[in-house]
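S.K.: My structure is in upload_34.cif, and what it holds is mmCIF, C-alpha atoms and all ligand atoms:
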```cif
data_my_file
#
loop_
_atom_site.group_PDB
_atom_site.id
_atom_site.type_symbol
_atom_site.label_atom_id
_atom_site.label_comp_id
_atom_site.auth_asym_id
_atom_site.auth_seq_id
_atom_site.Cartn_x
_atom_site.Cartn_y
_atom_site.Cartn_z
ATOM 1 C CA MET A 1 -18.861 45.860 -110.140
ATOM 2 C CA GLN A 2 -22.608 46.138 -110.681
ATOM 3 C CA LYS A 3 -22.338 45.108 -114.326
ATOM 4 C CA MET A 4 -20.077 42.211 -113.438
ATOM 5 C CA VAL A 5 -22.540 40.866 -110.850
ATOM 6 C CA GLU A 6 -25.590 41.437 -113.054
ATOM 7 C CA LYS A 7 -24.002 39.650 -115.990
ATOM 8 C CA GLY A 8 -22.946 36.764 -113.750
ATOM 9 C CA ILE A 9 -19.282 37.174 -114.646
ATOM 10 C CA GLU A 10 -17.077 35.120 -112.350
ATOM 11 C CA CYS A 11 -14.393 37.235 -110.764
ATOM 12 C CA LYS A 12 -11.060 36.023 -109.408
ATOM 13 C CA ILE A 13 -9.274 39.282 -108.676
ATOM 14 C CA ALA A 14 -9.168 38.696 -104.903
ATOM 15 C CA ASN A 15 -8.076 35.089 -105.287
ATOM 16 C CA GLY A 16 -5.844 34.127 -102.360
ATOM 17 C CA LYS A 17 -6.880 37.146 -100.275
ATOM 18 C CA ILE A 18 -8.660 36.910 -96.926
ATOM 19 C CA LEU A 19 -11.050 39.372 -95.304
ATOM 20 C CA SER A 20 -11.712 39.239 -91.547
ATOM 21 C CA CYS A 21 -15.048 40.563 -90.367
ATOM 22 C CA ILE A 22 -15.201 41.254 -86.664
ATOM 23 C CA PHE A 23 -18.526 42.535 -85.388
ATOM 24 C CA TYR A 24 -19.013 43.428 -81.718
ATOM 25 C CA GLU A 25 -22.476 44.837 -82.517
ATOM 26 C CA PRO A 26 -25.355 43.259 -84.460
ATOM 27 C CA SER A 27 -25.421 43.687 -88.219
ATOM 28 C CA THR A 28 -27.236 42.216 -91.193
ATOM 29 C CA ARG A 29 -26.567 44.379 -94.257
ATOM 30 C CA THR A 30 -23.080 45.638 -93.456
ATOM 31 C CA SER A 31 -21.763 42.285 -92.367
ATOM 32 C CA PHE A 32 -23.312 40.208 -95.143
ATOM 33 C CA SER A 33 -22.596 42.698 -97.890
ATOM 34 C CA PHE A 34 -18.923 42.796 -96.909
ATOM 35 C CA GLN A 35 -18.790 39.019 -96.903
ATOM 36 C CA ALA A 36 -20.682 38.726 -100.187
ATOM 37 C CA SER A 37 -18.408 41.379 -101.736
ATOM 38 C CA MET A 38 -15.234 39.510 -100.862
ATOM 39 C CA LEU A 39 -16.672 36.199 -102.071
ATOM 40 C CA ARG A 40 -17.825 37.792 -105.342
ATOM 41 C CA LEU A 41 -14.318 39.142 -105.904
ATOM 42 C CA GLY A 42 -13.004 35.596 -105.534
ATOM 43 C CA GLY A 43 -11.562 36.032 -102.026
ATOM 44 C CA GLN A 44 -12.273 34.267 -98.734
ATOM 45 C CA VAL A 45 -13.833 35.458 -95.490
ATOM 46 C CA LEU A 46 -13.246 34.806 -91.772
ATOM 47 C CA ARG A 47 -15.949 36.013 -89.427
ATOM 48 C CA ILE A 48 -16.178 36.605 -85.690
ATOM 49 C CA SER A 49 -19.635 37.683 -84.658
ATOM 50 C CA GLY A 50 -20.596 38.832 -81.208
ATOM 51 C CA THR A 51 -18.336 37.904 -78.367
ATOM 52 C CA LYS A 52 -19.427 34.358 -77.590
ATOM 53 C CA ASN A 53 -17.348 32.195 -79.877
ATOM 54 C CA SER A 54 -13.921 33.760 -79.563
ATOM 55 C CA SER A 55 -11.406 34.716 -76.879
ATOM 56 C CA ILE A 56 -13.305 37.992 -76.503
ATOM 57 C CA SER A 57 -15.512 36.018 -74.085
ATOM 58 C CA LYS A 58 -12.372 35.223 -72.051
ATOM 59 C CA GLY A 59 -11.645 38.924 -71.687
ATOM 60 C CA GLU A 60 -9.175 39.439 -74.524
ATOM 61 C CA SER A 61 -8.677 43.094 -75.450
ATOM 62 C CA LEU A 62 -9.774 44.560 -78.776
ATOM 63 C CA GLU A 63 -6.137 45.244 -79.655
ATOM 64 C CA ASP A 64 -5.031 41.646 -79.057
ATOM 65 C CA THR A 65 -7.986 40.183 -80.953
ATOM 66 C CA VAL A 66 -7.177 42.370 -83.929
ATOM 67 C CA ARG A 67 -3.437 41.561 -83.695
ATOM 68 C CA CYS A 68 -4.480 37.941 -84.096
ATOM 69 C CA LEU A 69 -6.674 38.574 -87.140
ATOM 70 C CA GLU A 70 -3.934 40.658 -88.696
ATOM 71 C CA CYS A 71 -1.801 37.504 -88.854
ATOM 72 C CA TYR A 72 -4.434 35.650 -90.829
ATOM 73 C CA SER A 73 -5.957 38.218 -93.159
ATOM 74 C CA ASP A 74 -5.328 41.021 -95.648
ATOM 75 C CA ILE A 75 -8.173 43.360 -94.622
ATOM 76 C CA ILE A 76 -10.036 43.699 -91.320
ATOM 77 C CA VAL A 77 -13.593 45.025 -91.160
ATOM 78 C CA LEU A 78 -14.510 46.152 -87.657
ATOM 79 C CA ARG A 79 -17.814 47.131 -86.040
ATOM 80 C CA HIS A 80 -17.555 48.158 -82.415
ATOM 81 C CA PRO A 81 -19.771 50.015 -79.891
ATOM 82 C CA MET A 82 -16.938 52.364 -78.914
ATOM 83 C CA LYS A 83 -16.468 55.604 -80.833
ATOM 84 C CA GLY A 84 -12.890 55.727 -82.144
ATOM 85 C CA ALA A 85 -12.336 51.934 -81.995
ATOM 86 C CA PRO A 86 -10.856 51.771 -85.556
ATOM 87 C CA GLU A 87 -8.203 54.397 -84.718
ATOM 88 C CA ARG A 88 -7.273 52.421 -81.597
ATOM 89 C CA VAL A 89 -6.869 49.279 -83.654
ATOM 90 C CA MET A 90 -4.873 50.964 -86.407
ATOM 91 C CA ARG A 91 -2.250 51.950 -83.841
ATOM 92 C CA VAL A 92 -1.431 48.298 -83.148
ATOM 93 C CA CYS A 93 -1.560 47.060 -86.721
ATOM 94 C CA PRO A 94 -0.361 49.877 -88.976
ATOM 95 C CA ASN A 95 0.370 47.538 -91.889
ATOM 96 C CA THR A 96 -3.114 46.125 -92.351
ATOM 97 C CA SER A 97 -6.138 47.873 -93.816
ATOM 98 C CA VAL A 98 -8.824 48.332 -91.178
ATOM 99 C CA MET A 99 -12.270 49.357 -92.407
ATOM 100 C CA ASN A 100 -14.718 51.008 -90.032
ATOM 101 C CA ALA A 101 -18.087 49.244 -90.280
ATOM 102 C CA GLY A 102 -19.598 51.493 -87.594
ATOM 103 C CA ASP A 103 -18.041 52.717 -84.331
ATOM 104 C CA GLY A 104 -20.798 53.300 -81.804
ATOM 105 C CA SER A 105 -22.446 56.641 -82.385
ATOM 106 C CA GLY A 106 -19.365 57.809 -84.306
ATOM 107 C CA GLU A 107 -19.200 57.142 -88.023
ATOM 108 C CA HIS A 108 -20.081 54.657 -90.741
ATOM 109 C CA PRO A 109 -17.941 55.670 -93.714
ATOM 110 C CA THR A 110 -18.594 52.770 -96.094
ATOM 111 C CA GLN A 111 -22.331 53.397 -95.655
ATOM 112 C CA ALA A 112 -21.684 56.995 -96.737
ATOM 113 C CA MET A 113 -20.003 55.723 -99.910
ATOM 114 C CA LEU A 114 -22.927 53.456 -100.744
ATOM 115 C CA ASP A 115 -25.351 56.255 -99.925
ATOM 116 C CA LEU A 116 -23.553 58.571 -102.355
ATOM 117 C CA PHE A 117 -23.642 55.825 -104.980
ATOM 118 C CA THR A 118 -27.393 55.409 -104.402
ATOM 119 C CA ILE A 119 -28.063 59.134 -104.806
ATOM 120 C CA TYR A 120 -25.965 59.240 -107.964
ATOM 121 C CA LYS A 121 -27.660 56.180 -109.466
ATOM 122 C CA GLU A 122 -31.192 57.311 -108.603
ATOM 123 C CA LEU A 123 -30.990 61.079 -109.157
ATOM 124 C CA GLY A 124 -28.155 61.128 -111.698
ATOM 125 C CA LYS A 125 -26.160 63.759 -109.806
ATOM 126 C CA LEU A 126 -24.552 64.657 -106.496
ATOM 127 C CA ASP A 127 -24.330 68.442 -106.946
ATOM 128 C CA ASN A 128 -27.232 70.848 -106.413
ATOM 129 C CA ILE A 129 -29.415 68.686 -104.223
ATOM 130 C CA CYS A 130 -31.355 69.278 -101.040
ATOM 131 C CA ILE A 131 -30.961 66.432 -98.545
ATOM 132 C CA THR A 132 -33.131 66.198 -95.447
ATOM 133 C CA PHE A 133 -31.974 63.972 -92.581
ATOM 134 C CA VAL A 134 -34.841 62.925 -90.320
ATOM 135 C CA GLY A 135 -34.918 61.115 -86.977
ATOM 136 C CA ASP A 136 -32.056 60.252 -84.660
ATOM 137 C CA LEU A 137 -29.286 62.547 -85.817
ATOM 138 C CA LYS A 138 -27.433 62.363 -82.511
ATOM 139 C CA TYR A 139 -26.660 58.656 -82.452
ATOM 140 C CA GLY A 140 -27.231 57.869 -86.141
ATOM 141 C CA ARG A 141 -23.687 57.320 -87.359
ATOM 142 C CA THR A 142 -24.734 57.002 -91.006
ATOM 143 C CA VAL A 143 -25.922 60.629 -90.849
ATOM 144 C CA HIS A 144 -22.606 61.766 -89.376
ATOM 145 C CA SER A 145 -20.671 60.227 -92.256
ATOM 146 C CA LEU A 146 -23.020 61.037 -95.136
ATOM 147 C CA SER A 147 -23.510 64.684 -94.160
ATOM 148 C CA GLN A 148 -19.732 65.209 -94.261
ATOM 149 C CA ALA A 149 -19.400 63.374 -97.578
ATOM 150 C CA ILE A 150 -22.244 65.175 -99.361
ATOM 151 C CA ALA A 151 -20.951 68.522 -98.091
ATOM 152 C CA GLU A 152 -18.003 68.061 -100.481
ATOM 153 C CA TYR A 153 -20.309 68.702 -103.446
ATOM 154 C CA GLU A 154 -21.551 71.988 -104.917
ATOM 155 C CA GLY A 155 -24.891 73.639 -104.195
ATOM 156 C CA ILE A 156 -25.887 71.369 -101.318
ATOM 157 C CA LYS A 157 -28.636 72.222 -98.867
ATOM 158 C CA ILE A 158 -28.858 70.075 -95.728
ATOM 159 C CA ASN A 159 -31.913 70.071 -93.457
ATOM 160 C CA PHE A 160 -31.350 68.361 -90.107
ATOM 161 C CA VAL A 161 -34.808 67.511 -88.717
ATOM 162 C CA SER A 162 -34.974 65.881 -85.278
ATOM 163 C CA PRO A 163 -36.396 66.210 -81.771
ATOM 164 C CA GLU A 164 -34.267 68.534 -79.689
ATOM 165 C CA ILE A 165 -32.617 65.719 -77.715
ATOM 166 C CA LEU A 166 -31.560 63.936 -80.919
ATOM 167 C CA GLN A 167 -29.954 66.854 -82.751
ATOM 168 C CA ILE A 168 -26.860 66.457 -84.910
ATOM 169 C CA PRO A 169 -23.776 66.618 -82.611
ATOM 170 C CA ASP A 170 -21.908 69.911 -82.432
ATOM 171 C CA ASP A 171 -18.601 68.397 -83.531
ATOM 172 C CA ILE A 172 -20.164 67.239 -86.824
ATOM 173 C CA LEU A 173 -21.855 70.627 -87.361
ATOM 174 C CA GLN A 174 -18.553 72.366 -86.732
ATOM 175 C CA VAL A 175 -16.753 70.237 -89.314
ATOM 176 C CA LEU A 176 -19.458 71.073 -91.856
ATOM 177 C CA VAL A 177 -19.428 74.779 -91.124
ATOM 178 C CA ALA A 178 -15.629 74.993 -91.040
ATOM 179 C CA GLY A 179 -15.317 73.220 -94.406
ATOM 180 C CA ASN A 180 -14.312 75.084 -97.533
ATOM 181 C CA ASN A 181 -17.660 74.703 -99.209
ATOM 182 C CA HIS A 182 -19.150 78.184 -99.369
ATOM 183 C CA SER A 183 -22.246 77.047 -101.247
ATOM 184 C CA LEU A 184 -23.291 74.738 -98.389
ATOM 185 C CA ASP A 185 -26.558 75.729 -96.704
ATOM 186 C CA ILE A 186 -27.511 74.092 -93.368
ATOM 187 C CA VAL A 187 -30.842 74.343 -91.532
ATOM 188 C CA GLN A 188 -31.693 72.680 -88.199
ATOM 189 C CA CYS A 189 -35.273 72.268 -86.990
ATOM 190 C CA SER A 190 -37.652 69.950 -85.154
ATOM 191 C CA GLU A 191 -40.579 69.780 -87.617
ATOM 192 C CA LEU A 192 -40.796 68.174 -91.021
ATOM 193 C CA THR A 193 -42.610 71.150 -92.532
ATOM 194 C CA LEU A 194 -44.321 71.380 -95.921
ATOM 195 C CA ASP A 195 -41.628 73.798 -97.095
ATOM 196 C CA ILE A 196 -38.960 71.239 -96.290
ATOM 197 C CA LEU A 197 -40.840 68.410 -97.985
ATOM 198 C CA HIS A 198 -41.381 70.546 -101.124
ATOM 199 C CA GLU A 199 -37.682 71.306 -101.564
ATOM 200 C CA THR A 200 -36.243 67.903 -100.599
ATOM 201 C CA ASN A 201 -34.548 65.690 -103.199
ATOM 202 C CA VAL A 202 -33.249 63.108 -100.727
ATOM 203 C CA LEU A 203 -35.283 62.275 -97.632
ATOM 204 C CA TYR A 204 -32.831 60.299 -95.479
ATOM 205 C CA VAL A 205 -34.805 58.615 -92.696
ATOM 206 C CA THR A 206 -33.181 57.003 -89.657
ATOM 207 C CA ARG A 207 -34.156 54.693 -86.828
ATOM 208 C CA VAL A 208 -34.120 56.037 -83.279
ATOM 209 C CA GLN A 209 -31.133 54.133 -81.861
ATOM 210 C CA LYS A 210 -32.731 52.478 -78.840
ATOM 211 C CA GLU A 211 -29.516 50.729 -77.784
ATOM 212 C CA ARG A 212 -27.671 54.037 -77.246
ATOM 213 C CA PHE A 213 -30.092 55.540 -74.693
ATOM 214 C CA ASP A 214 -29.200 55.463 -70.977
ATOM 215 C CA HIS A 215 -32.881 55.272 -69.979
ATOM 216 C CA ILE A 216 -35.634 53.473 -71.858
ATOM 217 C CA SER A 217 -38.108 56.184 -70.760
ATOM 218 C CA GLU A 218 -36.108 58.734 -72.780
ATOM 219 C CA TYR A 219 -36.280 56.463 -75.816
ATOM 220 C CA ALA A 220 -40.044 56.018 -75.402
ATOM 221 C CA LYS A 221 -40.560 59.781 -75.617
ATOM 222 C CA VAL A 222 -38.998 60.061 -79.076
ATOM 223 C CA LYS A 223 -39.271 56.608 -80.657
ATOM 224 C CA ASN A 224 -42.061 57.532 -83.084
ATOM 225 C CA CYS A 225 -41.119 61.158 -83.564
ATOM 226 C CA PHE A 226 -41.384 60.958 -87.360
ATOM 227 C CA VAL A 227 -43.278 58.469 -89.479
ATOM 228 C CA ILE A 228 -43.069 58.682 -93.253
ATOM 229 C CA ASN A 229 -46.322 57.457 -94.813
ATOM 230 C CA ARG A 230 -48.543 58.116 -97.849
ATOM 231 C CA ASN A 231 -49.676 61.454 -96.501
ATOM 232 C CA VAL A 232 -46.115 62.684 -96.128
ATOM 233 C CA MET A 233 -45.213 61.403 -99.608
ATOM 234 C CA LYS A 234 -48.094 63.413 -101.151
ATOM 235 C CA ASN A 235 -46.184 66.575 -100.297
ATOM 236 C CA CYS A 236 -42.877 65.453 -101.804
ATOM 237 C CA LYS A 237 -41.389 66.049 -105.240
ATOM 238 C CA LYS A 238 -42.241 63.613 -108.033
ATOM 239 C CA ALA A 239 -40.326 60.462 -108.984
ATOM 240 C CA GLY A 240 -37.081 61.343 -110.728
ATOM 241 C CA ASP A 241 -36.563 64.416 -108.534
ATOM 242 C CA MET A 242 -36.909 62.834 -105.132
ATOM 243 C CA ILE A 243 -35.931 59.654 -103.279
ATOM 244 C CA VAL A 244 -36.478 58.220 -99.807
ATOM 245 C CA MET A 245 -33.445 56.481 -98.306
ATOM 246 C CA HIS A 246 -32.905 54.585 -95.040
ATOM 247 C CA PRO A 247 -29.781 52.679 -93.972
ATOM 248 C CA LEU A 248 -32.106 50.022 -92.445
ATOM 249 C CA PRO A 249 -33.176 48.319 -90.261
ATOM 250 C CA ARG A 250 -36.394 50.325 -90.034
ATOM 251 C CA ILE A 251 -38.755 50.014 -87.101
ATOM 252 C CA ASP A 252 -41.865 52.196 -87.557
ATOM 253 C CA GLU A 253 -40.381 55.336 -89.080
ATOM 254 C CA ILE A 254 -41.245 54.326 -92.651
ATOM 255 C CA SER A 255 -44.689 52.843 -93.161
ATOM 256 C CA THR A 256 -44.696 49.680 -95.298
ATOM 257 C CA GLU A 257 -47.603 51.231 -97.259
ATOM 258 C CA ILE A 258 -45.089 53.289 -99.265
ATOM 259 C CA ASP A 259 -42.659 50.456 -100.053
ATOM 260 C CA ASP A 260 -43.938 50.228 -103.645
ATOM 261 C CA ASP A 261 -43.622 53.965 -104.277
ATOM 262 C CA PRO A 262 -40.922 54.355 -106.982
ATOM 263 C CA ARG A 263 -39.336 57.119 -104.893
ATOM 264 C CA CYS A 264 -38.578 54.671 -102.070
ATOM 265 C CA VAL A 265 -35.140 53.275 -102.840
ATOM 266 C CA TYR A 266 -34.083 51.789 -99.479
ATOM 267 C CA PHE A 267 -34.138 48.225 -100.741
ATOM 268 C CA LYS A 268 -32.096 49.159 -103.823
ATOM 269 C CA GLN A 269 -29.748 51.032 -101.489
ATOM 270 C CA MET A 270 -28.781 47.827 -99.689
ATOM 271 C CA LYS A 271 -27.989 46.133 -102.999
ATOM 272 C CA TYR A 272 -25.870 49.107 -104.074
ATOM 273 C CA GLY A 273 -24.007 48.533 -100.808
ATOM 274 C CA MET A 274 -22.533 45.327 -102.110
ATOM 275 C CA TYR A 275 -21.280 46.879 -105.360
ATOM 276 C CA THR A 276 -19.779 49.763 -103.425
ATOM 277 C CA ARG A 277 -18.037 47.496 -100.935
ATOM 278 C CA MET A 278 -16.714 45.322 -103.763
ATOM 279 C CA ALA A 279 -15.144 48.442 -105.254
ATOM 280 C CA LEU A 280 -13.723 49.553 -101.897
ATOM 281 C CA LEU A 281 -12.208 46.125 -101.205
ATOM 282 C CA ALA A 282 -10.675 46.001 -104.683
ATOM 283 C CA LEU A 283 -9.153 49.452 -104.147
ATOM 284 C CA LEU A 284 -7.667 48.466 -100.785
ATOM 285 C CA LEU A 285 -6.260 45.248 -102.191
ATOM 286 C CA GLY A 286 -4.644 47.281 -104.948
ATOM 287 C CA ILE A 287 -6.445 45.373 -107.684
ATOM 288 C CA ALA A 288 -8.700 48.090 -109.071
HETATM 289 C C1 LIG B 1 -27.104 51.333 -89.604
HETATM 290 C C2 LIG B 1 -26.007 51.179 -88.571
HETATM 291 O O1 LIG B 1 -25.676 50.070 -88.145
HETATM 292 O O2 LIG B 1 -25.463 52.216 -88.223
HETATM 293 N N1 LIG B 1 -27.371 50.185 -90.341
HETATM 294 C C3 LIG B 1 -26.529 49.798 -91.349
HETATM 295 O O3 LIG B 1 -25.337 49.686 -91.182
HETATM 296 N N2 LIG B 1 -27.066 49.564 -92.537
HETATM 297 C C4 LIG B 1 -28.297 52.025 -89.093
HETATM 298 C C5 LIG B 1 -28.998 51.519 -87.865
HETATM 299 O O4 LIG B 1 -28.601 50.575 -87.200
HETATM 300 O O5 LIG B 1 -30.024 52.129 -87.549
#
```
Would you write the structure of this file as structure tokens?
M.R.:
Amino acid sequence: MQKMVEKGIECKIANGKILSCIFYEPSTRTSFSFQASMLRLGGQVLRISGTKNSSISKGESLEDTVRCLECYSDIIVLRHPMKGAPERVMRVCPNTSVMNAGDGSGEHPTQAMLDLFTIYKELGKLDNICITFVGDLKYGRTVHSLSQAIAEYEGIKINFVSPEILQIPDDILQVLVAGNNHSLDIVQCSELTLDILHETNVLYVTRVQKERFDHISEYAKVKNCFVINRNVMKNCKKAGDMIVMHPLPRIDEISTEIDDDPRCVYFKQMKYGMYTRMALLALLLGIA
């Protein structure tokens, strides 16, 4: 997909197919990359954003809205604030592909696929790496999905670094620990120590998810818990052995002063997202 886009090759493989994007939560990268992916494959896109311009504003249920889109499209991409929303939807339309574009503080599986692609492209491997997740590991759904995906590989060490109130949820930890991967090593702590920085190949930074806190005062206590800047980068491995990733949007957790550092790949990561989603759509449509 990447080669096709870079060479400007026109693609028609999704000709006649329609993708519905329904987003009940804000999105820039996920929403636009899905739309761009479908258009680049030669398909068409329908989009409902927010709740204002559809019958959602009249009180229509999620199930009925999706039943409607099922009539008009071949694939549905859904982002919803409720954990488990995609499973709920799949029950009412078992014959349509529903892709989870983020369900509250649950999961974000297509982001995990593009994150794996980014690691592979930038480090040349997925086995034998140390990945350090930093920030809001409780509500950060991209962390929940990527940690489970990377745990499938050999020789993986995962450091979960967060304030105590934003630790990785127990259910995710349990899945990781109960998995069959005996070479998986997991460490949980609240400081980004020098030892951790020295061993890290992938520093996966996340935004503290303000919108998921019950009280703004709780958010204020942890909002700038970790800031990655030049000083932090001085203690990291060299280019080629180490990358900094972020699903974006970033607030203050990555200083713009390091944007030009070759190890910072978060802007490439969002481009890789389109290639990955093109591949996923093609697979679901049965044309790849
Ligand atoms: C993330 C999300 O929505 O979960 N963004 C994304 O999809 N690229 C991360 C975030 O909002 O912090």
S.K.: Could you tell me, as an MDAnalysis selection string, exactly which residues end up selected when the PyMOL selection byres (((chain A and resi 72) around 12) and not hetatm) is applied to this structure?
M.R.: chainID A and resid 16:21 44:47 65:71 73:76 96
S.K.: Using all atoms listed in the file, find each residue in chain A having at least one atom no more than 6 Å away from ligand LIG 1 (chain B); report its shortest atom-to-atom pair and that distance in Å (one decimal), rows by chain then rising number, as JSON lines.
M.R.:
```
{"residue": "A:Arg29", "atom": "CA", "partner": "B:LIG1", "partner_atom": "N2", "distance": 5.5}
{"residue": "A:Thr30", "atom": "CA", "partner": "B:LIG1", "partner_atom": "O3", "distance": 5.2}
{"residue": "A:Gly102", "atom": "CA", "partner": "B:LIG1", "partner_atom": "O2", "distance": 5.9}
{"residue": "A:Arg141", "atom": "CA", "partner": "B:LIG1", "partner_atom": "O2", "distance": 5.5}
{"residue": "A:Thr142", "atom": "CA", "partner": "B:LIG1", "partner_atom": "O2", "distance": 5.6}
{"residue": "A:Arg207", "atom": "CA", "partner": "B:LIG1", "partner_atom": "O5", "distance": 4.9}
{"residue": "A:Pro247", "atom": "CA", "partner": "B:LIG1", "partner_atom": "N2", "distance": 4.4}
{"residue": "A:Leu248", "atom": "CA", "partner": "B:LIG1", "partner_atom": "N2", "distance": 5.1}
{"residue": "A:Pro249", "atom": "CA", "partner": "B:LIG1", "partner_atom": "O5", "distance": 5.6}
```
S.K.: Which residue gives the smallest distance to Asp241 of chain A among A:Ile131, A:Ile254, A:Val77, A:Val208, with all atoms listed in the file counted?
M.R.: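 Ranking A:Ile131, A:Ile254, A:Val77, A:Val208 by distance to Asp241 of chain A, first place goes to A:Ile131.
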S.K.: So which one's closest to Lys238 of chain A, A:Glu199, A:Asp136, A:Asp260, A:Phe267? Using only C-alpha atoms, please.
M.R.: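 The answer is A:Glu199, which sits nearest to Lys238 of chain A.
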S.K.: Please return, as a list of chain:residue names, all polymer residues that have at least one atom within 12 Å of the point (-7.0, 43.2, -111.3); use all atoms listed in the file and the file's own coordinate frame.
M.R.: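 Counting all atoms listed in the file, I find these residues within 12 Å of (-7.0, 43.2, -111.3): A:Cys11, A:Lys12, A:Ile13, A:Ala14, A:Asn15, A:Leu41, A:Gly42, A:Ala279, A:Leu281, A:Ala282, A:Leu283, A:Leu284, A:Leu285, A:Gly286, A:Ile287, A:Ala288.
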S.K.: One decimal, Å: what's the distance from atom CA of Arg263 of chain A over to atom CA of Leu194 of chain A, could you say?
M.R.: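 Pair atom CA of Arg263 of chain A / atom CA of Leu194 of chain A returns 17.6 Å.
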S.K.: What do you get, as a list in words, if you spell out every residue that the PyMOL selection byres (((chain A and resi 87) around 12) and not hetatm) selects here?
M.R.: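 Expected selection for the PyMOL selection byres (((chain A and resi 87) around 12) and not hetatm) here is Leu62, Glu63, Leu78, His80, Met82, Lys83, Gly84, Ala85, Pro86, Arg88, Val89, Met90, Arg91, Val92, Cys93, Pro94, Ser97, Val98, Met99, Asn100, Asp103, Gly106 and Glu107 of chain A.
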S.K.: Check which residues satisfy the PyMOL selection byres (((chain A and resi 221-223) around 8) and not hetatm) in the file shown, then give them as JSON, numbers by chain.
M.R.: {"A": [163, 208, 210, 217, 218, 219, 220, 224, 225]}
S.K.: Output C-alpha atoms for every residue in the selection just made, as a JSON list (two decimals), in the frame of the given file.
M.R.:
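Below is the file that was written, part.json:
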```
[["chain", "number", "residue", "atom", "x", "y", "z"],
["A", 163, "PRO", "CA", -36.40, 66.21, -81.77],
["A", 208, "VAL", "CA", -34.12, 56.04, -83.28],
["A", 210, "LYS", "CA", -32.73, 52.48, -78.84],
["A", 217, "SER", "CA", -38.11, 56.18, -70.76],
["A", 218, "GLU", "CA", -36.11, 58.73, -72.78],
["A", 219, "TYR", "CA", -36.28, 56.46, -75.82],
["A", 220, "ALA", "CA", -40.04, 56.02, -75.40],
["A", 224, "ASN", "CA", -42.06, 57.53, -83.08],
["A", 225, "CYS", "CA", -41.12, 61.16, -83.56]]
```
S.K.: Which residues are near Gly179 of chain A? Cut-off 12 Å, all atoms listed in the file, ignore same chain within fewer than 3 positions. Put them as an MDAnalysis selection string.
M.R.: chainID A and resid 147:153 172:176 182:185
S.K.: Between A:Leu137, A:Cys264, A:Met1, A:Ile186, which residue has the minimum interatomic distance to Arg40 of chain A, considering only C-alpha atoms?
M.R.: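 Nearest candidate to Arg40 of chain A out of A:Leu137, A:Cys264, A:Met1, A:Ile186: A:Met1.
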S.K.: Might you pull out every residue within 12 Å of Ile258 of chain A, with all atoms listed in the file counted and same-chain residues fewer than 2 positions away left off, and present them as a list in words?
M.R.: Val227, Ile228, Asn229, Arg230, Asn231, Val232, Met233, Lys234, Ile243, Val244, Glu253, Ile254, Ser255, Thr256, Asp260, Asp261, Pro262, Arg263, Cys264, Val265 and Tyr266 of chain A
S.K.: Separation of atom CA of Asp214 of chain A and atom CA of Asp64 of chain A, in Å?
M.R.: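 Taking atom CA of Asp214 of chain A and atom CA of Asp64 of chain A, their separation equals 29.0 Å.
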S.K.: Ranking A:Ile165, A:Met274, A:Met242, A:Ile251 by minimum distance to Val202 of chain A and counting only C-alpha atoms, which one comes first?
M.R.: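 Of all the options, A:Met242 lies closest to Val202 of chain A.
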S.K.: Is it possible to get the axis-aligned box enclosing segment 25-30 of chain A (all listed atoms, 4 Å extra per side) as JSON, with centre and edge lengths in Å rounded to one decimal?
M.R.:
```
{"center_x": -24.9, "center_y": 43.9, "center_z": -88.4, "size_x": 12.8, "size_y": 11.4, "size_z": 19.7}
```
S.K.: Report the distance between atom CA of Gly273 of chain A and atom CA of Leu114 of chain A in Å, rounded to one decimal place.
M.R.: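 Answer for the atom CA of Gly273 of chain A to atom CA of Leu114 of chain A separation: 5.0 Å.
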S.K.: Taking the point (-20.6, 51.7, -96.1) as given in the file, collect each protein or nucleic acid residue that comes within 8 Å of it, counting all atoms listed in the file, and present the set as a VMD selection string.
M.R.: chain A and resid 30 101 108 to 115 273 276 to 277
S.K.: Between A:Val134, A:Val143, A:Ile168, A:Met278, which residue has the minimum interatomic distance to Glu191 of chain A, considering all atoms listed in the file?
M.R.: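 Distance minimum relative to Glu191 of chain A lands on A:Val134.
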S.K.: Quick one: residues within 8 Å of Gln2 of chain A, all atoms listed in the file, excluding same-chain residues fewer than 2 positions away - as an NGL selection string?
M.R.: :A and (4-6 or 272 or 275)
S.K.: Here is a test: counting only C-alpha atoms, which residue of A:Gln269, A:Phe34, A:Tyr24, A:Leu146 is nearest to Ser57 of chain A?
M.R.: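 Checking each of A:Gln269, A:Phe34, A:Tyr24, A:Leu146 against Ser57 of chain A, counting only C-alpha atoms, the winner is A:Tyr24.
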S.K.: Just add N, CA and C atoms to segment 83-88 of chain A and send it as a PDB file, in the coordinates of the input.
M.R.:
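Result written to part_3.pdb:
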```pdb
ATOM      1  N   LYS A  83     -16.890  54.583 -79.879  1.00  0.00           N
ATOM      2  CA  LYS A  83     -16.468  55.604 -80.833  1.00  0.00           C
ATOM      3  C   LYS A  83     -14.943  55.643 -80.873  1.00  0.00           C
ATOM      4  N   GLY A  84     -14.347  55.657 -82.050  1.00  0.00           N
ATOM      5  CA  GLY A  84     -12.890  55.727 -82.144  1.00  0.00           C
ATOM      6  C   GLY A  84     -12.200  54.377 -82.109  1.00  0.00           C
ATOM      7  N   ALA A  85     -12.966  53.271 -82.050  1.00  0.00           N
ATOM      8  CA  ALA A  85     -12.336  51.934 -81.995  1.00  0.00           C
ATOM      9  C   ALA A  85     -11.400  51.673 -83.195  1.00  0.00           C
ATOM     10  N   PRO A  86     -11.758  52.051 -84.429  1.00  0.00           N
ATOM     11  CA  PRO A  86     -10.856  51.771 -85.556  1.00  0.00           C
ATOM     12  C   PRO A  86      -9.494  52.453 -85.411  1.00  0.00           C
ATOM     13  N   GLU A  87      -9.491  53.691 -84.902  1.00  0.00           N
ATOM     14  CA  GLU A  87      -8.203  54.397 -84.718  1.00  0.00           C
ATOM     15  C   GLU A  87      -7.346  53.649 -83.693  1.00  0.00           C
ATOM     16  N   ARG A  88      -7.993  53.160 -82.637  1.00  0.00           N
ATOM     17  CA  ARG A  88      -7.273  52.421 -81.597  1.00  0.00           C
ATOM     18  C   ARG A  88      -6.609  51.180 -82.184  1.00  0.00           C
TER      19      ARG A  88
END
```
